[in-house]
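**Student:** After the structure tokens below, expect a handful of questions from me.
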Amino acid sequence: MNREAARDLDAARRVVDFARGKGARFVEARVITGGSVGLSVQDGRAERLGAGRVRGSCVRLISRGRWGFASTDGGSLRHLKETAEHALELAASGRELGRPAAVAPRPRRKPQALVCSEDMARDGEVGPGELTAWAAKVLELERAARKHAGKKAVNSIANYGRHGGRLVVASSRGAAGVRWGRRSTSSLMVVVSEGRRGIQRWSERVGRTGGGDLLAELRPEEFSRNAAERALALLRARPAPGGTYPVILDPATGGVFVHECLGHNAEADLVLSGQSLLDGRIGKRVASRHVTVVDDPTVRGAFGSYPFDSEGTPAERTEIIGRGVLKTYLHSLETAARMKARPNGHGRSDGYSSPPIVRMSNTFFAPGTHKLDDMIGDVKRGLLLEHGSSGHVLSEKGHYTVRAGCGRLIENGKLGELVRDVSISGLVLESLKDIDAVSDDFELSSPGYCGKDGQDVPVDDGGAYVRLRKVVVGGRGKW
């Protein structure tokens, strides 16, 4: 641990003791130092190029049975004490919620100080030479895509972003941690048009946590060419046939399904507020025996990974559904207390100005025992959905829609032509019970940011291929 991190951790611990001495029953202090770089190129022109740094701190506490939360720029002991005083004032003047504020009790074992030793604190301190090199590479990727798309290209956008820094957290539960980390993403979108065939687009996106230079590893002959060729292929593809028939979801499309349709329903704060279809179903069968769904922030290198959450709770693999049975919800310290459950490291915040709330990390269908070729071979007439793009669910009712970038027809056990403009819809629990095969593949392929209550946190999703025996497919074509 370097000198600056040790100083911040000492300040956080001291303000915890300070607020406890003022009568607070629970105290949590965080200090965040970080930097970011962002580059964007559109149609051969640099649209955005810059870097910045941030440093701030916050204190969250329980006093007189009520929550108090305050934040400030800066992270010195003086800043933290002033922030703690403000949080105490807010708790004293706060509105009664009908129940006292609470957090899960301290673990029986004495917590250890958690330190992630990968020091990337200089992220954001980027020199002009590095920015120039990155800008040149982003331009190269975008220009290569336009070249491959040729005269049919009408728009192309390439982006690169990197964020890194240090989180220090200490609490009266005994948590004390320092974590360093870096997240990098790069994306490329190509839009093409051809007469009556209309307009089509394709996006490629990669992201990860950890060191190394993600941008330098991308090859225009692969990354850019693939985006352009897939966009052009969609111009030639016909619309998907509508109807009800078997569908196989690739990891990206299954990832959209598992994140939007199941993951949010498993967030304990939504369960407590009556907004989840999983309310009251712990220990009950909610899916077929082939289905195991996991949220795991410990997956090495995945975009949603972290060693401990914003409350200092160690990250752990959480099995939400095990062989079709609902095992647990995702918890913060507060929801664990209210539901008499054990915290599992899913209290996350997007910065020092926001309190932690229950969030997903890397959510996926765990691998099964089937081979993808056999899953396809058993289908007489169906569809393989690829490149899931978006999804929506009405949490309380469970009605969902998931859209895919494209699909491949399956006829007599063989993959056929490419189709476009395709989606599936249904009821979440019915579709989970209709899954009759899960492949032994595994891929996390959807790095991005998930929004909830005004906060955006990094997540990833995916997993195995899954097959639904029947589902409603939205499409304007015919068989």
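Chains: A, B, ... in order of the structure tokens. Residues: from 1 per chain. Ligands: from 1, in order shown.
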Can you tell me, as a ChimeraX atom specification, what residues are no more than 6 Å from range 419-432 of chain A when counting only C-alpha atoms, ignoring any on the same chain fewer than 3 positions away?
**Tutor:** /A:237-240,287,398-404,406-408,435,472-475
**Student:** Save out the residues we just selected, N, CA and C atoms, as a PDB file, in the first residue's frame.
**Tutor:**
```pdb
ATOM      1  N   ALA A 237     -29.931  -9.267 -45.581  1.00  0.00           N
ATOM      2  CA  ALA A 237     -30.769 -10.237 -44.866  1.00  0.00           C
ATOM      3  C   ALA A 237     -32.242  -9.863 -44.972  1.00  0.00           C
ATOM      4  N   ARG A 238     -33.092 -10.882 -44.918  1.00  0.00           N
ATOM      5  CA  ARG A 238     -34.529 -10.618 -44.900  1.00  0.00           C
ATOM      6  C   ARG A 238     -35.029 -10.579 -43.458  1.00  0.00           C
ATOM      7  N   PRO A 239     -36.203  -9.977 -43.219  1.00  0.00           N
ATOM      8  CA  PRO A 239     -36.743  -9.919 -41.857  1.00  0.00           C
ATOM      9  C   PRO A 239     -36.993 -11.316 -41.293  1.00  0.00           C
ATOM     10  N   ALA A 240     -36.844 -11.441 -39.999  1.00  0.00           N
ATOM     11  CA  ALA A 240     -37.071 -12.722 -39.334  1.00  0.00           C
ATOM     12  C   ALA A 240     -38.547 -13.103 -39.409  1.00  0.00           C
ATOM     13  N   ALA A 287     -37.422 -22.100 -12.457  1.00  0.00           N
ATOM     14  CA  ALA A 287     -36.875 -22.371 -13.781  1.00  0.00           C
ATOM     15  C   ALA A 287     -36.725 -23.871 -13.951  1.00  0.00           C
ATOM     16  N   GLY A 398     -43.541  -9.392 -14.911  1.00  0.00           N
ATOM     17  CA  GLY A 398     -42.644 -10.357 -15.525  1.00  0.00           C
ATOM     18  C   GLY A 398     -42.719 -10.425 -17.029  1.00  0.00           C
ATOM     19  N   HIS A 399     -43.439  -9.506 -17.671  1.00  0.00           N
ATOM     20  CA  HIS A 399     -43.480  -9.521 -19.135  1.00  0.00           C
ATOM     21  C   HIS A 399     -42.225  -8.855 -19.685  1.00  0.00           C
ATOM     22  N   TYR A 400     -41.566  -9.509 -20.635  1.00  0.00           N
ATOM     23  CA  TYR A 400     -40.296  -9.001 -21.143  1.00  0.00           C
ATOM     24  C   TYR A 400     -40.265  -8.961 -22.665  1.00  0.00           C
ATOM     25  N   THR A 401     -39.335  -8.176 -23.173  1.00  0.00           N
ATOM     26  CA  THR A 401     -38.974  -8.164 -24.589  1.00  0.00           C
ATOM     27  C   THR A 401     -37.461  -8.077 -24.678  1.00  0.00           C
ATOM     28  N   VAL A 402     -36.851  -8.913 -25.509  1.00  0.00           N
ATOM     29  CA  VAL A 402     -35.413  -8.888 -25.743  1.00  0.00           C
ATOM     30  C   VAL A 402     -35.187  -8.795 -27.247  1.00  0.00           C
ATOM     31  N   ARG A 403     -34.357  -7.845 -27.657  1.00  0.00           N
ATOM     32  CA  ARG A 403     -34.038  -7.650 -29.074  1.00  0.00           C
ATOM     33  C   ARG A 403     -32.628  -8.127 -29.363  1.00  0.00           C
ATOM     34  N   ALA A 404     -32.464  -8.736 -30.531  1.00  0.00           N
ATOM     35  CA  ALA A 404     -31.159  -9.236 -30.956  1.00  0.00           C
ATOM     36  C   ALA A 404     -30.691  -8.482 -32.191  1.00  0.00           C
ATOM     37  N   CYS A 406     -29.267  -9.836 -34.738  1.00  0.00           N
ATOM     38  CA  CYS A 406     -29.605 -10.640 -35.909  1.00  0.00           C
ATOM     39  C   CYS A 406     -29.945 -12.046 -35.456  1.00  0.00           C
ATOM     40  N   GLY A 407     -30.274 -12.900 -36.404  1.00  0.00           N
ATOM     41  CA  GLY A 407     -30.569 -14.297 -36.103  1.00  0.00           C
ATOM     42  C   GLY A 407     -30.164 -15.188 -37.253  1.00  0.00           C
ATOM     43  N   ARG A 408     -30.061 -16.473 -36.974  1.00  0.00           N
ATOM     44  CA  ARG A 408     -29.801 -17.473 -38.020  1.00  0.00           C
ATOM     45  C   ARG A 408     -30.927 -18.491 -37.986  1.00  0.00           C
ATOM     46  N   ILE A 435     -36.729 -23.509 -20.769  1.00  0.00           N
ATOM     47  CA  ILE A 435     -35.346 -23.794 -21.179  1.00  0.00           C
ATOM     48  C   ILE A 435     -35.082 -25.286 -21.029  1.00  0.00           C
ATOM     49  N   VAL A 472     -42.424 -16.581 -28.203  1.00  0.00           N
ATOM     50  CA  VAL A 472     -43.003 -15.710 -29.222  1.00  0.00           C
ATOM     51  C   VAL A 472     -41.881 -14.890 -29.869  1.00  0.00           C
ATOM     52  N   VAL A 473     -41.742 -15.006 -31.187  1.00  0.00           N
ATOM     53  CA  VAL A 473     -40.714 -14.307 -31.934  1.00  0.00           C
ATOM     54  C   VAL A 473     -41.369 -13.175 -32.725  1.00  0.00           C
ATOM     55  N   GLY A 474     -40.861 -11.984 -32.529  1.00  0.00           N
ATOM     56  CA  GLY A 474     -41.373 -10.845 -33.270  1.00  0.00           C
ATOM     57  C   GLY A 474     -40.579 -10.649 -34.548  1.00  0.00           C
ATOM     58  N   GLY A 475     -41.257 -10.655 -35.673  1.00  0.00           N
ATOM     59  CA  GLY A 475     -40.584 -10.479 -36.961  1.00  0.00           C
ATOM     60  C   GLY A 475     -41.622 -10.224 -38.044  1.00  0.00           C
TER      61      GLY A 475
END
```
**Student:** Which residues are near Ala136 in chain A? Cut-off 10 Å, only C-alpha atoms, ignore same chain within fewer than 6 positions. Put them as a list of chain:residue names.
**Tutor:**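 Within the cut-off, the hits are A:Val41, A:Ala46, A:Glu130.
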**Student:** For the residues in the current selection, export C-alpha atoms as a PDB file, in the first residue's frame.
**Tutor:**
```pdb
ATOM      1  CA  VAL A  41     -14.158   9.766 -33.550  1.00  0.00           C
ATOM      2  CA  ALA A  46     -12.170  13.731 -33.745  1.00  0.00           C
ATOM      3  CA  GLU A 130      -0.219   9.038 -25.021  1.00  0.00           C
TER       4      GLU A 130
END
```
**Student:** If DSSP is run on the backbone, what residues of range 374-453 of chain A are helix (DSSP H, G or I)? A reply as a PyMOL selection string would be ideal.
**Tutor:** chain A and resi 374-377+428-433
**Student:** Restricting the output to C-alpha atoms, write the selected residues as a PDB file, in the first residue's frame.
**Tutor:**
```pdb
ATOM      1  CA  ASP A 374     -26.574 -31.053 -30.554  1.00  0.00           C
ATOM      2  CA  MET A 375     -28.842 -28.206 -29.395  1.00  0.00           C
ATOM      3  CA  ILE A 376     -29.071 -26.993 -32.996  1.00  0.00           C
ATOM      4  CA  GLY A 377     -29.387 -30.506 -34.391  1.00  0.00           C
ATOM      5  CA  VAL A 428     -39.978 -14.405 -17.476  1.00  0.00           C
ATOM      6  CA  LEU A 429     -40.894 -17.386 -15.297  1.00  0.00           C
ATOM      7  CA  GLU A 430     -42.591 -19.228 -18.160  1.00  0.00           C
ATOM      8  CA  SER A 431     -39.535 -18.762 -20.389  1.00  0.00           C
ATOM      9  CA  LEU A 432     -37.156 -19.900 -17.631  1.00  0.00           C
ATOM     10  CA  LYS A 433     -39.189 -23.089 -17.250  1.00  0.00           C
TER      11      LYS A 433
END
```
**Student:** Which residue gives the smallest distance to Leu330 in chain A among A:Gly263, A:Pro458, A:Gly75, A:Gly38, with only C-alpha atoms counted?
**Tutor:**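 Distance minimum relative to Leu330 in chain A lands on A:Gly263.
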**Student:** Please list as a PyMOL selection string every residue within 7 Å of Asp436 in chain A, counting only C-alpha atoms and excluding residues in the same chain fewer than 2 positions away.
**Tutor:** chain A and resi 290+434+467-469
**Student:** Do a neighbour search on Asp441 in chain A at 7 Å with only C-alpha atoms, toss out local chain neighbours closer than 5 positions, and write the hits as a list in words.
**Tutor:**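 Residues near the query, excluding close chain neighbours: Pro367, Ala464 and Tyr465 of chain A.
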**Student:** Using only C-alpha atoms, pick whichever of A:Tyr329, A:Phe364, A:Tyr352, A:Phe26 has the shortest atom-to-atom distance to Arg166 in chain A.
**Tutor:**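 Checking each candidate against Arg166 in chain A, we get A:Tyr352 as the closest.
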**Student:** For Ala153 in chain A, list every protein, DNA or RNA residue within 9 Å, evaluated using only C-alpha atoms, and leave out those in the same chain fewer than 5 positions away; present the list as a count of residues only.
**Tutor:** 10
**Student:** Please indicate the distance in Å from CA of Asp295 in chain A to CA of Thr318 in chain A, rounded to one decimal place.
**Tutor:**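 A separation of 5.3 Å between them.
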**Student:** DSSP says strand (DSSP E or B) for which residues of range 95-338 of chain A? Put them as a PyMOL selection string?
**Tutor:** chain A and resi 114-116+153-171+176-193+199-209+238-239+241+243-249+267+285+293-295+308+314+318-322+325-326+330
**Student:** Counting only C-alpha atoms, which residue out of A:Ile62, A:Lys414, A:Gly212, A:Ala336 sits closest to Leu272 in chain A?
**Tutor:**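 Going through A:Ile62, A:Lys414, A:Gly212, A:Ala336 one by one, the smallest distance to Leu272 in chain A is for A:Ala336.
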**Student:** Please, what distance in Å, to one decimal, runs between CA of Thr335 in chain A and CA of Asp269 in chain A?
**Tutor:**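 Straight-line distance from CA of Thr335 in chain A to CA of Asp269 in chain A works out to 6.2 Å.
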**Student:** Between A:Arg300, A:Arg55, A:Arg48, A:Arg338, which one has atoms that come closest to Leu131 in chain A, using only C-alpha atoms?
**Tutor:**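 Residue with the minimum atom-to-atom distance to Leu131 in chain A: A:Arg48.
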**Student:** Excluding same-chain residues fewer than 6 positions from Thr298 in chain A, what lies within 7 Å of it counting only C-alpha atoms, as a list in words?
**Tutor:**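 Within the cut-off, the hits are Ser305, Tyr306, Pro307, Ala315, Glu316 and Arg317 of chain A.
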**Student:** Which of these residues is nearest to Arg196 in chain A, using only C-alpha atoms: A:His163, A:His346, A:Arg236, A:His370?
**Tutor:**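 Among the listed residues, A:Arg236 lies closest to Arg196 in chain A.
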**Student:** Given only C-alpha atoms as the basis, pick out the residue of A:Ser310, A:Ser276, A:Ser186, A:Thr328 nearest to Gly448 in chain A.
**Tutor:**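 So, comparing all the options, the nearest one is A:Ser186.
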**Student:** As number ranges by chain, please: the residues near range 23-25 of chain A (cut-off 10 Å, only C-alpha atoms, same-chain neighbours under 2 positions excluded).
**Tutor:** A: 16-21, 27, 60-68, 84, 87-88, 91, 101-103, 172
**Student:** For the selection just defined, write its residues with C-alpha atoms to a file, as a PDB file, in the first residue's frame.
**Tutor:**
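Output below, filename part-v2.pdb:
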```pdb
ATOM      1  CA  VAL A  16     -15.528   6.431  11.815  1.00  0.00           C
ATOM      2  CA  ASP A  17     -14.372   6.712  15.432  1.00  0.00           C
ATOM      3  CA  PHE A  18     -15.190  10.440  15.418  1.00  0.00           C
ATOM      4  CA  ALA A  19     -18.799   9.903  14.300  1.00  0.00           C
ATOM      5  CA  ARG A  20     -19.238   6.981  16.677  1.00  0.00           C
ATOM      6  CA  GLY A  21     -18.173   9.303  19.469  1.00  0.00           C
ATOM      7  CA  VAL A  27     -20.585   4.744  10.264  1.00  0.00           C
ATOM      8  CA  ARG A  60     -22.890   7.471   5.561  1.00  0.00           C
ATOM      9  CA  LEU A  61     -24.186   6.756   9.032  1.00  0.00           C
ATOM     10  CA  ILE A  62     -27.136   5.801  11.211  1.00  0.00           C
ATOM     11  CA  SER A  63     -28.022   8.126  14.066  1.00  0.00           C
ATOM     12  CA  ARG A  64     -31.270   8.199  16.064  1.00  0.00           C
ATOM     13  CA  GLY A  65     -32.529   5.345  13.904  1.00  0.00           C
ATOM     14  CA  ARG A  66     -32.239   7.360  10.688  1.00  0.00           C
ATOM     15  CA  TRP A  67     -29.827   7.472   7.754  1.00  0.00           C
ATOM     16  CA  GLY A  68     -27.556  10.427   7.121  1.00  0.00           C
ATOM     17  CA  ALA A  84     -19.590  13.484   9.116  1.00  0.00           C
ATOM     18  CA  ALA A  87     -24.417  13.614   7.850  1.00  0.00           C
ATOM     19  CA  LEU A  88     -25.241  13.670  11.562  1.00  0.00           C
ATOM     20  CA  ALA A  91     -29.946  12.153  10.216  1.00  0.00           C
ATOM     21  CA  ALA A 101     -32.478   2.186   9.732  1.00  0.00           C
ATOM     22  CA  ALA A 102     -30.325  -0.934  10.013  1.00  0.00           C
ATOM     23  CA  VAL A 103     -27.340  -2.773   8.583  1.00  0.00           C
ATOM     24  CA  SER A 172     -17.801   0.559  12.144  1.00  0.00           C
TER      25      SER A 172
END
```
**Student:** Mind giving me the straight-line distance from CA of Ala227 in chain A to CA of Glu411 in chain A in Å, one decimal?
**Tutor:**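 That distance, rounded to one decimal, is 26.8 Å.
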